[in-house]
Amino acid sequence: MKPPGGVCIRAADALDGHGDARDRATARARTHDPGELRVRALLDAHFRDRWPVARYAGEIGVTPGQLGRLCRDGMGCSPLDAINARVLQEAQRSLVYSTLGIKQVAAELGFDDEAYFGRFFRKQAGMKPTEYRVAGRRRLAGQGLSGR
């Protein structure tokens, strides 16, 4: 089952809001097993390469089924959803905090086709990349963080 909004849910993120950031960080560290940490490290290192799930599984020495269990148990989603969530996170960051055009953001994330990137982004985020960029920058400007 795909988590709401296509974003993986971490056990520590499901806390009810009690406690401070240090408590949440400690809880997060306790919930990560070595396999999950390897998956996250690989995702961070290779999300731009658009690896298939089987390649991630092979890199950490497990079957795709075992990788699925690792992701579902540790992150609350399938490996493909974890990959897509990491790509989306970087896309969102780039759209709001960089001056790169949409085509350049798409290329940096391993998309050969800007239109495919747009469809991917809209499916994952619920809006077009340009809409997300405008909304994100407005939010930053309202917080006084726009850098102007």
# chains A, B, ... in the order shown; residues from 1 in each chain; ligands from 1

call {"tool": "residues_around", "arguments": {"residues": "region 140-142 of chain A", "least_positions_apart": "6", "cutoff": "12 Å", "atoms": "only C-alpha atoms", "output": "list in words"}}
result
Val96, Tyr97, Arg133, Val134 and Arg148 of chain A

call {"tool": "residues_around", "arguments": {"residues": "Arg86 (chain A)", "least_positions_apart": "4", "cutoff": "7 Å", "atoms": "only C-alpha atoms", "output": "number ranges by chain"}}
result
A: 43, 47, 82, 90

call {"tool": "closest_residue", "arguments": {"among": "A:Ile60, A:Leu67, A:Val105, A:Ala85", "to": "Lys123 (chain A)", "atoms": "only C-alpha atoms"}}
result
A:Ala85

call {"tool": "residues_around", "arguments": {"residues": "Arg55 (chain A)", "least_positions_apart": "4", "cutoff": "12 Å", "atoms": "only C-alpha atoms", "output": "tab-separated table (two decimals) with N, CA, C and O atoms, in the first residue's frame"}}
result
chain	number	residue	atom	x	y	z
A	39	VAL	N	20.21	1.09	2.86
A	39	VAL	CA	19.26	1.49	1.81
A	39	VAL	C	19.23	3.01	1.70
A	39	VAL	O	19.32	3.56	0.61
A	42	LEU	N	22.40	4.34	0.08
A	42	LEU	CA	22.39	4.12	-1.36
A	42	LEU	C	21.43	5.06	-2.08
A	42	LEU	O	21.73	5.57	-3.16
A	43	LEU	N	20.26	5.27	-1.48
A	43	LEU	CA	19.30	6.20	-2.07
A	43	LEU	C	19.92	7.59	-2.19
A	43	LEU	O	19.80	8.25	-3.22
A	46	HIS	N	22.65	7.51	-5.00
A	46	HIS	CA	22.36	7.12	-6.38
A	46	HIS	C	20.97	7.47	-6.89
A	46	HIS	O	20.58	7.00	-7.96
A	47	PHE	N	20.21	8.28	-6.18
A	47	PHE	CA	18.85	8.59	-6.65
A	47	PHE	C	18.86	9.28	-8.01
A	47	PHE	O	17.93	9.14	-8.79
A	49	ASP	N	20.77	8.52	-10.43
A	49	ASP	CA	21.15	7.54	-11.44
A	49	ASP	C	19.96	6.74	-11.97
A	49	ASP	O	20.10	5.99	-12.93
A	50	ARG	N	18.80	6.88	-11.32
A	50	ARG	CA	17.56	6.22	-11.74
A	50	ARG	C	17.73	4.69	-11.78
A	50	ARG	O	17.30	4.03	-12.70
A	51	TRP	N	18.40	4.15	-10.74
A	51	TRP	CA	18.58	2.71	-10.66
A	51	TRP	C	17.24	2.01	-10.48
A	51	TRP	O	16.36	2.50	-9.76
A	59	GLU	N	23.14	-4.23	-4.72
A	59	GLU	CA	24.22	-3.47	-4.10
A	59	GLU	C	24.35	-3.74	-2.60
A	59	GLU	O	25.43	-3.62	-2.04
A	60	ILE	N	23.23	-4.05	-1.94
A	60	ILE	CA	23.32	-4.34	-0.50
A	60	ILE	C	23.28	-5.84	-0.22
A	60	ILE	O	23.31	-6.25	0.93
A	61	GLY	N	23.23	-6.65	-1.28
A	61	GLY	CA	23.34	-8.10	-1.13
A	61	GLY	C	22.07	-8.78	-0.65
A	61	GLY	O	22.15	-9.75	0.11
A	62	VAL	N	20.93	-8.28	-1.08
A	62	VAL	CA	19.66	-8.91	-0.73
A	62	VAL	C	18.84	-9.09	-2.01
A	62	VAL	O	19.15	-8.51	-3.05
A	63	THR	N	17.78	-9.87	-1.92
A	63	THR	CA	16.88	-10.02	-3.05
A	63	THR	C	15.93	-8.82	-3.09
A	63	THR	O	15.77	-8.13	-2.07
A	64	PRO	N	15.30	-8.57	-4.22
A	64	PRO	CA	14.31	-7.49	-4.26
A	64	PRO	C	13.20	-7.67	-3.23
A	64	PRO	O	12.72	-6.69	-2.65
A	67	LEU	N	14.57	-6.58	0.07
A	67	LEU	CA	14.65	-5.12	0.06
A	67	LEU	C	13.27	-4.53	0.32
A	67	LEU	O	13.13	-3.56	1.07
A	79	PRO	N	10.17	-0.20	-1.99
A	79	PRO	CA	11.43	0.37	-2.47
A	79	PRO	C	11.23	1.41	-3.57
A	79	PRO	O	11.89	2.46	-3.56
A	80	LEU	N	10.31	1.16	-4.48
A	80	LEU	CA	10.06	2.13	-5.55
A	80	LEU	C	9.53	3.44	-4.97
A	80	LEU	O	9.93	4.53	-5.40
A	83	ILE	N	12.47	5.28	-3.48
A	83	ILE	CA	13.29	5.91	-4.53
A	83	ILE	C	12.60	7.18	-5.01
A	83	ILE	O	13.21	8.25	-5.10

call {"tool": "atom_distance", "arguments": {"atom1": "CA of Arg40 (chain A)", "atom2": "CA of Glu108 (chain A)"}}
result
19.5 Å

call {"tool": "atom_distance", "arguments": {"atom1": "CA of Ala115 (chain A)", "atom2": "CA of Ser78 (chain A)"}}
result
24.9 Å

call {"tool": "closest_residue", "arguments": {"among": "A:Gly110, A:Gly58, A:Gly74, A:Gly118", "to": "Gly35 (chain A)", "atoms": "only C-alpha atoms"}}
result
A:Gly74

call {"tool": "select_by_dssp", "arguments": {"residues": "region 95-131 of chain A", "states": "alpha helix (DSSP H)", "output": "number ranges by chain"}}
result
A: 95-97, 102-108, 114-125, 129-131

call {"tool": "atom_distance", "arguments": {"atom1": "CA of Ala41 (chain A)", "atom2": "CA of Thr99 (chain A)"}}
result
27.0 Å

call {"tool": "residues_around", "arguments": {"residues": "Ile102 (chain A)", "least_positions_apart": "3", "cutoff": "9 Å", "atoms": "only C-alpha atoms", "output": "PyMOL selection string"}}
result
chain A and resi 95+105-107+114+117-118+129-130
